[in-house]
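Student: Contents are PDB, C-alpha atoms; file name protein25.pdb:
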```pdb
ATOM      1  CA  MET A   1      68.923  79.134  88.957
ATOM      2  CA  THR A   2      68.756  78.768  92.764
ATOM      3  CA  THR A   3      69.300  81.681  95.182
ATOM      4  CA  ALA A   4      72.751  80.346  96.140
ATOM      5  CA  GLU A   5      73.758  80.082  92.470
ATOM      6  CA  THR A   6      72.581  83.654  91.842
ATOM      7  CA  TYR A   7      74.605  85.023  94.759
ATOM      8  CA  VAL A   8      77.738  83.034  93.874
ATOM      9  CA  THR A   9      77.488  84.262  90.268
ATOM     10  CA  ALA A  10      77.047  87.835  91.541
ATOM     11  CA  ALA A  11      80.155  87.505  93.734
ATOM     12  CA  TYR A  12      82.359  86.242  90.883
ATOM     13  CA  CYS A  13      80.929  88.801  88.434
ATOM     14  CA  THR A  14      81.767  91.562  90.953
ATOM     15  CA  VAL A  15      85.386  90.398  91.130
ATOM     16  CA  PHE A  16      85.546  90.301  87.323
ATOM     17  CA  ALA A  17      83.902  93.741  87.018
ATOM     18  CA  VAL A  18      86.292  95.373  89.520
ATOM     19  CA  VAL A  19      89.337  93.979  87.698
ATOM     20  CA  LEU A  20      87.834  95.135  84.383
ATOM     21  CA  VAL A  21      87.201  98.662  85.721
ATOM     22  CA  TYR A  22      90.808  98.720  86.957
ATOM     23  CA  VAL A  23      92.067  97.720  83.494
ATOM     24  CA  VAL A  24      89.901 100.472  81.902
ATOM     25  CA  ILE A  25      91.340 103.066  84.324
ATOM     26  CA  ILE A  26      94.900 101.942  83.500
ATOM     27  CA  ALA A  27      94.068 102.041  79.758
ATOM     28  CA  LEU A  28      92.777 105.628  80.120
ATOM     29  CA  LYS A  29      95.934 106.574  81.977
ATOM     30  CA  LEU A  30      98.108 105.009  79.257
ATOM     31  CA  THR A  31      96.176 106.989  76.623
ATOM     32  CA  ARG A  32      96.896 110.191  78.550
ATOM     33  CA  LEU A  33     100.595 109.301  78.858
ATOM     34  CA  GLU A  34     100.752 108.564  75.131
ATOM     35  CA  ARG A  35      99.212 111.968  74.383
ATOM     36  CA  GLU A  36     101.735 113.676  76.659
ATOM     37  CA  VAL A  37     104.639 111.874  74.930
ATOM     38  CA  ASP A  38     103.265 113.073  71.563
ATOM     39  CA  GLU A  39     103.139 116.656  72.857
ATOM     40  CA  ILE A  40     106.722 116.485  74.131
ATOM     41  CA  GLU A  41     107.869 114.960  70.830
ATOM     42  CA  GLU A  42     106.183 117.772  68.909
ATOM     43  CA  ARG A  43     107.845 120.373  71.125
ATOM     44  CA  VAL A  44     111.275 118.787  70.686
ATOM     45  CA  GLU A  45     110.825 118.569  66.903
ATOM     46  CA  ALA A  46     109.618 122.184  66.688
ATOM     47  CA  GLU A  47     112.599 123.483  68.656
ATOM     48  CA  PRO A  48     115.615 124.207  66.424
ATOM     49  CA  ALA A  49     118.528 121.863  67.112
ATOM     50  CA  ALA A  50     120.917 124.769  67.820
ATOM     51  CA  GLU A  51     118.771 126.043  70.698
ATOM     52  CA  ARG A  52     118.866 122.748  72.502
ATOM     53  CA  GLU A  53     121.311 122.310  75.328
ATOM     54  CA  PRO A  54     123.950 119.662  74.594
ATOM     55  CA  ALA A  55     123.287 116.417  76.413
ATOM     56  CA  HIS A  56     125.823 115.456  79.079
ATOM     57  CA  VAL A  57     126.799 111.841  78.716
ATOM     58  CA  GLY A  58     128.529 109.898  81.476
TER      59      GLY A  58
ATOM     60  CA  MET B   1     113.235 121.261  88.056
ATOM     61  CA  THR B   2     114.520 122.039  91.555
ATOM     62  CA  LEU B   3     117.233 119.852  93.037
ATOM     63  CA  GLU B   4     114.908 118.512  95.745
ATOM     64  CA  ARG B   5     112.261 117.448  93.247
ATOM     65  CA  ALA B   6     114.875 115.951  90.967
ATOM     66  CA  GLN B   7     116.170 113.837  93.845
ATOM     67  CA  TRP B   8     112.684 112.546  94.540
ATOM     68  CA  ARG B   9     112.065 111.459  90.966
ATOM     69  CA  THR B  10     112.111 107.710  90.891
ATOM     70  CA  VAL B  11     113.860 105.524  88.386
ATOM     71  CA  GLY B  12     112.686 102.108  87.279
ATOM     72  CA  ARG B  13     113.675  98.824  88.859
ATOM     73  CA  SER B  14     114.489  95.857  86.663
ATOM     74  CA  TYR B  15     112.467  92.711  87.332
ATOM     75  CA  ARG B  16     113.295  89.123  86.511
ATOM     76  CA  ILE B  17     109.816  88.242  85.220
ATOM     77  CA  PRO B  18     108.619  90.379  82.287
ATOM     78  CA  LEU B  19     105.166  91.941  82.633
ATOM     79  CA  PRO B  20     103.541  90.190  79.621
ATOM     80  CA  ALA B  21     104.596  86.790  81.029
ATOM     81  CA  LEU B  22     103.102  87.717  84.413
ATOM     82  CA  ALA B  23      99.847  88.863  82.801
ATOM     83  CA  ALA B  24      99.613  85.629  80.793
ATOM     84  CA  ALA B  25     100.257  83.576  83.944
ATOM     85  CA  ALA B  26      97.569  85.527  85.835
ATOM     86  CA  LEU B  27      95.040  84.967  83.049
ATOM     87  CA  GLY B  28      95.860  81.240  82.855
ATOM     88  CA  LEU B  29      95.705  80.735  86.621
ATOM     89  CA  VAL B  30      92.439  82.669  87.069
ATOM     90  CA  THR B  31      90.856  80.638  84.231
ATOM     91  CA  LEU B  32      92.101  77.390  85.794
ATOM     92  CA  ALA B  33      90.798  78.467  89.217
ATOM     93  CA  LEU B  34      87.363  79.314  87.798
ATOM     94  CA  GLY B  35      87.288  75.984  85.960
ATOM     95  CA  LEU B  36      88.095  74.091  89.164
ATOM     96  CA  VAL B  37      85.646  76.081  91.294
ATOM     97  CA  PHE B  38      82.661  75.708  88.968
ATOM     98  CA  PHE B  39      83.254  72.350  87.254
ATOM     99  CA  VAL B  40      85.458  70.158  89.440
ATOM    100  CA  VAL B  41      85.168  70.788  93.189
ATOM    101  CA  PRO B  42      82.192  69.148  94.910
ATOM    102  CA  ASN B  43      79.526  71.015  96.870
ATOM    103  CA  ASP B  44      80.336  71.536 100.559
ATOM    104  CA  ALA B  45      78.354  69.199 102.827
ATOM    105  CA  ASN B  46      77.212  71.993 105.175
ATOM    106  CA  GLN B  47      76.975  75.106 103.036
ATOM    107  CA  GLY B  48      76.186  73.631  99.635
ATOM    108  CA  PHE B  49      76.785  75.687  96.484
ATOM    109  CA  SER B  50      77.257  79.017  98.295
ATOM    110  CA  GLN B  51      80.572  77.757  99.750
ATOM    111  CA  ARG B  52      82.090  78.327  96.292
ATOM    112  CA  ILE B  53      82.353  82.034  97.110
ATOM    113  CA  PHE B  54      85.092  81.131  99.573
ATOM    114  CA  TYR B  55      87.606  80.064  96.932
ATOM    115  CA  PHE B  56      87.922  83.676  95.823
ATOM    116  CA  HIS B  57      86.817  85.424  99.030
ATOM    117  CA  VAL B  58      89.525  83.821 101.210
ATOM    118  CA  SER B  59      92.168  84.063  98.467
ATOM    119  CA  ILE B  60      91.376  87.744  97.958
ATOM    120  CA  ALA B  61      91.493  88.361 101.733
ATOM    121  CA  PHE B  62      94.974  86.815 102.038
ATOM    122  CA  THR B  63      96.064  88.741  98.942
ATOM    123  CA  ALA B  64      94.838  92.008 100.518
ATOM    124  CA  TYR B  65      96.826  91.188 103.686
ATOM    125  CA  ALA B  66      99.872  90.394 101.516
ATOM    126  CA  CYS B  67      99.538  93.734  99.696
ATOM    127  CA  PHE B  68      99.288  95.683 102.962
ATOM    128  CA  ALA B  69     102.273  93.731 104.327
ATOM    129  CA  LEU B  70     104.256  94.495 101.152
ATOM    130  CA  GLY B  71     103.304  98.161 101.524
ATOM    131  CA  ALA B  72     104.593  98.109 105.110
ATOM    132  CA  TRP B  73     107.807  96.311 104.091
ATOM    133  CA  LYS B  74     108.496  98.846 101.335
ATOM    134  CA  ALA B  75     107.735 101.640 103.825
ATOM    135  CA  LEU B  76     110.333 100.151 106.164
ATOM    136  CA  VAL B  77     112.852  99.934 103.292
ATOM    137  CA  HIS B  78     112.142 103.577 102.514
ATOM    138  CA  LEU B  79     112.687 104.690 106.110
ATOM    139  CA  TRP B  80     115.759 102.504 106.439
ATOM    140  CA  LYS B  81     117.576 103.151 103.170
ATOM    141  CA  ARG B  82     115.889 106.406 102.070
ATOM    142  CA  ASP B  83     115.161 104.834  98.712
ATOM    143  CA  PRO B  84     112.544 106.951  96.863
ATOM    144  CA  ARG B  85     111.594 103.922  94.739
ATOM    145  CA  ALA B  86     110.413 102.162  97.887
ATOM    146  CA  ASP B  87     108.019 105.030  98.687
ATOM    147  CA  LEU B  88     106.230 104.664  95.337
ATOM    148  CA  GLU B  89     106.219 100.873  95.684
ATOM    149  CA  SER B  90     104.714 101.149  99.163
ATOM    150  CA  TYR B  91     102.002 103.473  97.871
ATOM    151  CA  VAL B  92     101.105 101.163  94.961
ATOM    152  CA  ALA B  93     101.042  98.088  97.246
ATOM    153  CA  VAL B  94      98.672  99.827  99.680
ATOM    154  CA  HIS B  95      96.495 100.865  96.716
ATOM    155  CA  GLN B  96      96.329  97.247  95.538
ATOM    156  CA  GLY B  97      95.521  96.162  99.093
ATOM    157  CA  LEU B  98      92.613  98.581  99.157
ATOM    158  CA  ILE B  99      91.243  97.277  95.839
ATOM    159  CA  PHE B 100      91.446  93.676  97.051
ATOM    160  CA  GLY B 101      90.085  94.779 100.449
ATOM    161  CA  SER B 102      87.008  96.218  98.690
ATOM    162  CA  LEU B 103      86.512  92.852  96.998
ATOM    163  CA  VAL B 104      86.788  91.049 100.374
ATOM    164  CA  LEU B 105      84.037  93.255 101.804
ATOM    165  CA  ILE B 106      81.769  92.823  98.768
ATOM    166  CA  THR B 107      82.187  89.038  98.369
ATOM    167  CA  GLY B 108      81.972  88.566 102.165
ATOM    168  CA  SER B 109      78.728  90.545 102.299
ATOM    169  CA  ILE B 110      77.242  88.466  99.493
ATOM    170  CA  TRP B 111      78.133  85.260 101.341
ATOM    171  CA  ALA B 112      76.742  86.680 104.628
ATOM    172  CA  LYS B 113      73.450  87.448 102.896
ATOM    173  CA  ILE B 114      73.068  83.816 101.768
ATOM    174  CA  SER B 115      74.260  82.213 104.998
ATOM    175  CA  TRP B 116      73.220  84.650 107.731
ATOM    176  CA  GLY B 117      70.415  86.501 105.944
ATOM    177  CA  HIS B 118      72.127  89.874 106.468
ATOM    178  CA  TRP B 119      74.521  91.876 104.298
ATOM    179  CA  TRP B 120      76.413  93.180 107.309
ATOM    180  CA  ILE B 121      76.336  92.614 111.078
ATOM    181  CA  TRP B 122      77.919  95.295 113.249
ATOM    182  CA  SER B 123      78.220  93.006 116.274
ATOM    183  CA  GLU B 124      80.573  90.621 114.442
ATOM    184  CA  ASP B 125      84.198  91.376 115.393
ATOM    185  CA  GLU B 126      85.764  89.838 112.286
ATOM    186  CA  LEU B 127      83.690  92.000 109.953
ATOM    187  CA  VAL B 128      84.196  95.222 111.903
ATOM    188  CA  LEU B 129      87.950  94.621 112.367
ATOM    189  CA  PHE B 130      88.444  94.053 108.661
ATOM    190  CA  LEU B 131      86.474  97.252 108.006
ATOM    191  CA  VAL B 132      88.737  99.079 110.491
ATOM    192  CA  LEU B 133      91.810  97.765 108.638
ATOM    193  CA  TYR B 134      90.257  98.815 105.321
ATOM    194  CA  LEU B 135      89.338 102.317 106.542
ATOM    195  CA  PHE B 136      92.766 102.733 108.151
ATOM    196  CA  TYR B 137      94.424 102.168 104.779
ATOM    197  CA  ALA B 138      91.784 104.283 103.008
ATOM    198  CA  ALA B 139      92.865 107.150 105.293
ATOM    199  CA  TYR B 140      96.461 106.561 104.096
ATOM    200  CA  PHE B 141      95.501 108.237 100.809
ATOM    201  CA  MET B 142      93.943 111.213 102.599
ATOM    202  CA  LEU B 143      97.190 111.681 104.515
ATOM    203  CA  ARG B 144      99.383 111.191 101.456
ATOM    204  CA  PHE B 145      97.540 113.638  99.244
ATOM    205  CA  SER B 146      97.246 116.297 101.943
ATOM    206  CA  VAL B 147     101.044 116.769 101.920
ATOM    207  CA  ASP B 148     103.089 118.176  99.018
ATOM    208  CA  PRO B 149     105.256 115.653  97.126
ATOM    209  CA  GLY B 150     108.721 115.283  98.591
ATOM    210  CA  PRO B 151     110.607 113.684 101.477
ATOM    211  CA  GLN B 152     108.089 114.803 104.117
ATOM    212  CA  ARG B 153     105.176 113.130 102.328
ATOM    213  CA  ALA B 154     107.197 109.963 101.744
ATOM    214  CA  ASN B 155     108.242 109.754 105.404
ATOM    215  CA  LEU B 156     104.742 110.398 106.789
ATOM    216  CA  SER B 157     103.202 107.854 104.404
ATOM    217  CA  ALA B 158     105.851 105.268 105.296
ATOM    218  CA  VAL B 159     105.298 105.622 109.054
ATOM    219  CA  TYR B 160     101.518 105.357 108.580
ATOM    220  CA  ALA B 161     101.776 102.277 106.327
ATOM    221  CA  LEU B 162     104.086 100.649 108.860
ATOM    222  CA  PHE B 163     101.666 101.183 111.759
ATOM    223  CA  GLY B 164      98.795  99.651 109.779
ATOM    224  CA  VAL B 165     100.508  96.276 109.535
ATOM    225  CA  VAL B 166      99.700  95.691 113.232
ATOM    226  CA  LEU B 167      96.024  95.447 112.299
ATOM    227  CA  ILE B 168      96.608  92.469 109.952
ATOM    228  CA  PRO B 169      97.087  89.762 112.647
ATOM    229  CA  VAL B 170      94.281  91.339 114.690
ATOM    230  CA  SER B 171      91.911  91.079 111.716
ATOM    231  CA  PHE B 172      93.061  87.509 110.949
ATOM    232  CA  LEU B 173      92.718  86.304 114.557
ATOM    233  CA  ALA B 174      89.271  87.884 114.898
ATOM    234  CA  ILE B 175      87.873  85.026 112.782
ATOM    235  CA  ARG B 176      89.124  82.569 115.419
ATOM    236  CA  ILE B 177      87.603  84.449 118.342
ATOM    237  CA  ALA B 178      84.308  85.151 116.567
ATOM    238  CA  SER B 179      81.521  84.028 118.880
ATOM    239  CA  GLY B 180      78.147  85.152 117.534
ATOM    240  CA  PHE B 181      77.474  83.908 114.023
ATOM    241  CA  ILE B 182      79.878  81.277 112.803
ATOM    242  CA  HIS B 183      82.458  82.551 110.330
ATOM    243  CA  PRO B 184      83.982  79.410 108.788
ATOM    244  CA  GLU B 185      87.605  78.749 109.752
ATOM    245  CA  VAL B 186      89.548  77.913 106.616
ATOM    246  CA  PHE B 187      92.796  77.311 108.502
ATOM    247  CA  THR B 188      93.022  75.774 111.959
ATOM    248  CA  ARG B 189      96.078  75.035 114.127
ATOM    249  CA  HIS B 190      96.304  71.629 112.428
ATOM    250  CA  GLY B 191      96.365  73.024 108.885
ATOM    251  CA  PRO B 192      93.665  73.549 106.248
ATOM    252  CA  ASN B 193      90.128  72.611 107.270
ATOM    253  CA  PHE B 194      89.519  70.683 104.029
ATOM    254  CA  GLY B 195      91.204  68.326 101.594
ATOM    255  CA  GLY B 196      91.047  66.776  98.119
ATOM    256  CA  TRP B 197      89.651  68.879  95.281
ATOM    257  CA  ILE B 198      88.481  71.581  97.695
ATOM    258  CA  LEU B 199      92.081  72.100  98.858
ATOM    259  CA  ALA B 200      93.358  71.994  95.267
ATOM    260  CA  GLY B 201      90.705  74.534  94.207
ATOM    261  CA  TYR B 202      91.630  76.827  97.076
ATOM    262  CA  CYS B 203      95.404  76.568  96.426
ATOM    263  CA  VAL B 204      95.032  77.346  92.715
ATOM    264  CA  SER B 205      92.689  80.273  93.524
ATOM    265  CA  GLN B 206      95.161  81.613  96.081
ATOM    266  CA  VAL B 207      98.111  81.456  93.675
ATOM    267  CA  ALA B 208      95.930  82.979  90.913
ATOM    268  CA  MET B 209      94.948  85.932  93.122
ATOM    269  CA  LEU B 210      98.529  86.536  94.255
ATOM    270  CA  VAL B 211      99.818  86.483  90.667
ATOM    271  CA  LEU B 212      96.931  88.730  89.542
ATOM    272  CA  ALA B 213      97.659  91.205  92.352
ATOM    273  CA  TYR B 214     101.379  91.207  91.550
ATOM    274  CA  THR B 215     100.604  91.787  87.844
ATOM    275  CA  LEU B 216      98.306  94.727  88.644
ATOM    276  CA  TYR B 217     100.946  96.050  91.066
ATOM    277  CA  ARG B 218     103.602  95.979  88.339
ATOM    278  CA  VAL B 219     101.249  97.566  85.760
ATOM    279  CA  GLU B 220     100.325 100.402  88.127
ATOM    280  CA  LEU B 221     103.940 100.901  89.146
ATOM    281  CA  SER B 222     105.040 101.169  85.487
ATOM    282  CA  GLY B 223     102.311 103.743  84.828
ATOM    283  CA  LYS B 224     103.276 105.817  87.864
ATOM    284  CA  ARG B 225     106.978 105.746  86.972
ATOM    285  CA  LEU B 226     106.239 106.768  83.386
ATOM    286  CA  ASP B 227     104.075 109.574  84.701
ATOM    287  CA  GLU B 228     106.891 110.853  86.909
ATOM    288  CA  ARG B 229     109.478 110.651  84.150
ATOM    289  CA  LEU B 230     107.178 112.532  81.778
ATOM    290  CA  ARG B 231     106.580 115.236  84.383
ATOM    291  CA  GLY B 232     110.339 115.545  84.779
ATOM    292  CA  LEU B 233     110.790 115.862  80.997
ATOM    293  CA  ARG B 234     108.049 118.492  80.814
ATOM    294  CA  GLU B 235     109.689 120.523  83.560
ATOM    295  CA  ALA B 236     113.112 120.169  81.913
ATOM    296  CA  LEU B 237     111.706 121.426  78.599
ATOM    297  CA  ALA B 238     109.775 124.341  80.159
TER     298      ALA B 238
END
```
Could you express the structure from this file as structure tokens?

Tutor:
Amino acid sequence: MTTAETYVTAAYCTVFAVVLVYVVIIALKLTRLEREVDEIEERVEAEPAAEREPAHVG
Amino acid sequence: MTLERAQWRTVGRSYRIPLPALAAAALGLVTLALGLVFFVVPNDANQGFSQRIFYFHVSIAFTAYACFALGAWKALVHLWKRDPRADLESYVAVHQGLIFGSLVLITGSIWAKISWGHWWIWSEDELVLFLVLYLFYAAYFMLRFSVDPGPQRANLSAVYALFGVVLIPVSFLAIRIASGFIHPEVFTRHGPNFGGWILAGYCVSQVAMLVLAYTLYRVELSGKRLDERLRGLREALA
């Protein structure tokens, strides 16, 4: 592999790596959001239906 | 939840193109661009193999400018119509611009090392002006997160994002007035400085980067909106 080929490969790998890191960060965030939704669901299920405020529709 | 905070909670916007379709298009276009760059386009007569960095470097640079311009446009919409959705959209666009701006600096430095023998040259206007643009938008986040969420933060961020757009033409024109080392001019007054497969490779790479940036923008925006809605639910349940 020539020097130019090494540098070009490094440049494209950097682009790929940055996009991959971004996807990992978004995946971690989605995991956190999923956990928060689970917590809210548990709280809603644990709360007796009578104690809940009626929902206003319209 | 207080009334003020409730007013500043954003609701989703419906888009014509669904996110999975966008992601698939981005993947397909990036694969096609890589295929063209590495297997189809010929070596440049002057720069040889190292010129292949430019297909992504230039595309990423224009994408970063587009993201900053979108951020400024959304900031203007926010200031004009007081639409809280536009504030979040402006923030996400600037964030995307900064990510793509980082890639411009990294890929540009790699190319400079091959062609000029240096990673960075402080006397080169085009490099320093892009760095100024990059640091200006990096400071946007310092400003944004130093103010509590609400109308004041949204207004300050919008004004700042709007001012930054002035630096885009300055950074772009700096390549034309560069005098020391020669930064290749991809576009001249008479159009693109190349043709054939090189032009095709560049065009596909440019579209691929724009679609990729728009996909990441939509993904981040969805995450941020979900986050806000969940916070609102939490506060309502507390």

Student: Please find the residues of chain A near chain B - the criterion being any atom within 7 Å, counting all atoms listed in the file - and write them as a list of chain:residue names.

Tutor: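 Residues satisfying the distance criterion: A:Ala4, A:Glu5, A:Tyr7, A:Val8, A:Ala11, A:Val15, A:Leu33.
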
Student: Can you write out the residues you just picked, keeping C-alpha atoms, as a PDB file, in the coordinates of the input?

Tutor:
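Listed below is the output, result_37.pdb:
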```
ATOM      1  CA  ALA A   4      72.751  80.346  96.140  1.00  0.00           C
ATOM      2  CA  GLU A   5      73.758  80.082  92.470  1.00  0.00           C
ATOM      3  CA  TYR A   7      74.605  85.023  94.759  1.00  0.00           C
ATOM      4  CA  VAL A   8      77.738  83.034  93.874  1.00  0.00           C
ATOM      5  CA  ALA A  11      80.155  87.505  93.734  1.00  0.00           C
ATOM      6  CA  VAL A  15      85.386  90.398  91.130  1.00  0.00           C
ATOM      7  CA  LEU A  33     100.595 109.301  78.858  1.00  0.00           C
TER       8      LEU A  33
END
```

Student: Run the PyMOL selection byres ((chain B and resi 127) around 10) on the file and write out the hits as JSON, numbers by chain.

Tutor: {"B": [105, 108, 109, 120, 121, 122, 123, 124, 125, 126, 128, 129, 130, 131, 132, 171, 174, 175, 178, 183]}

Student: Name the residues, using the chain letters and numbers of the file, that sit within 8 Å of (103.4, 93.1, 85.6) when counting all atoms listed in the file, and give them as JSON, numbers by chain.

Tutor: {"B": [18, 19, 20, 21, 22, 23, 214, 215, 216, 217, 218, 219]}

Student: On this file, the PyMOL selection byres ((chain B and resi 40) around 12) gives some set of residues; write that set as a list of chain:residue names.

Tutor: B:Leu32, B:Ala33, B:Leu34, B:Gly35, B:Leu36, B:Val37, B:Phe38, B:Phe39, B:Val41, B:Pro42, B:Asn43, B:Arg52, B:Gly196, B:Trp197, B:Ile198, B:Leu199, B:Ala200, B:Gly201, B:Tyr202

Student: Mind giving me the straight-line distance from CA of Pro192 (chain B) to CA of Leu29 (chain B) in Å, one decimal?

Tutor: 21.0 Å
